[in-house]
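Take a look at the structure set out below.
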Amino acid sequence: MLRYTIAAALVMSCSPVTAVTNMQKKSLKVGAECIGPVSTLAPKLATCTIAGLKMRIWCPNGEMFEREQDQPHQSLIRSLCNMLQVP
């Protein structure tokens with residue numbers, strides 16, 4: 001019985017619910033409310049740190065996201081913005 005309980009706990013902890021959330025916000029001007037410098041990763045793709053451990057991402061297609069994590073890998077940011085990966 002203990003084995004099933006541990007297995008269930010592992011399955012539940014690996015679900016997408018426990019993943020770091022990406023919140024899509026309505027668009028703000030690039031650099032708005034940033035407490036750190038704006039990093040340009042590609043043309044029209046920018047990130048910056050905002051209050052706490054949050055970061056803001058501006059995608060080339062006009063979408064803007066906020067993450068609960070500080071500076072994820074560039075490939076994760078490109079994936080979030082539906083951009084092709086560059087080796």
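How things are named: the first chain in the structure tokens is A, the next is B, and so on; residues count from 1 in each chain; ligands count from 1 in the order shown.
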Spatial neighbours of A:Pro37, 8 Å, only C-alpha atoms, chain gap at least 3 places, as a PDB file with N, CA and C atoms, in the first residue's frame:
ATOM      1  N   CYS A  34      10.453  47.729 -15.596  1.00  0.00           N
ATOM      2  CA  CYS A  34      11.634  46.890 -15.386  1.00  0.00           C
ATOM      3  C   CYS A  34      12.511  47.487 -14.289  1.00  0.00           C
ATOM      4  N   CYS A  48      13.268  41.250 -19.334  1.00  0.00           N
ATOM      5  CA  CYS A  48      13.816  42.048 -18.238  1.00  0.00           C
ATOM      6  C   CYS A  48      13.273  41.523 -16.921  1.00  0.00           C
ATOM      7  N   THR A  49      13.950  41.876 -15.843  1.00  0.00           N
ATOM      8  CA  THR A  49      13.525  41.500 -14.503  1.00  0.00           C
ATOM      9  C   THR A  49      12.569  42.559 -13.975  1.00  0.00           C
TER      10      THR A  49
END
Show me, as number ranges by chain, the residues that have an atom within 10 Å of A:Leu84 when counting only C-alpha atoms, minus same-chain residues fewer than 4 positions from it.
A: 75, 78-79
May I have the residues from that selection written out with C-alpha atoms, as an mmCIF file, in the first residue's frame?
data_model
loop_
_atom_site.group_PDB
_atom_site.id
_atom_site.type_symbol
_atom_site.label_atom_id
_atom_site.label_comp_id
_atom_site.auth_asym_id
_atom_site.auth_seq_id
_atom_site.Cartn_x
_atom_site.Cartn_y
_atom_site.Cartn_z
ATOM 1 C CA SER A 75 15.569 28.188 -25.929
ATOM 2 C CA ARG A 78 11.997 31.150 -27.931
ATOM 3 C CA SER A 79 9.660 28.196 -27.432
#
One decimal place gives the atom CA of A:Leu28-atom CA of A:Pro72 separation as 20.7 Å
Between atom CA of A:Ile35 and atom CA of A:Leu80 lies a distance of 22.2 Å
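Counting from atom CA of A:Ala51, the distance to atom CA of A:Ser39 is 16.1 Å.
Neighbouring residues of A:Asn61 at 12 Å or closer, counting only C-alpha atoms and skipping chain neighbours under 6 positions away, are Ser27, Pro43, Lys44, Leu45, Ala46, Arg78, Leu80, Cys81, Asn82 and Met83 of chain A.
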**Asked** Mind checking DSSP for stretch 24-80 of chain A and telling me the strand (DSSP E) residues as a PyMOL selection string?
**Response** chain A and resi 24-25+39-42+45-49+55-58+64-67
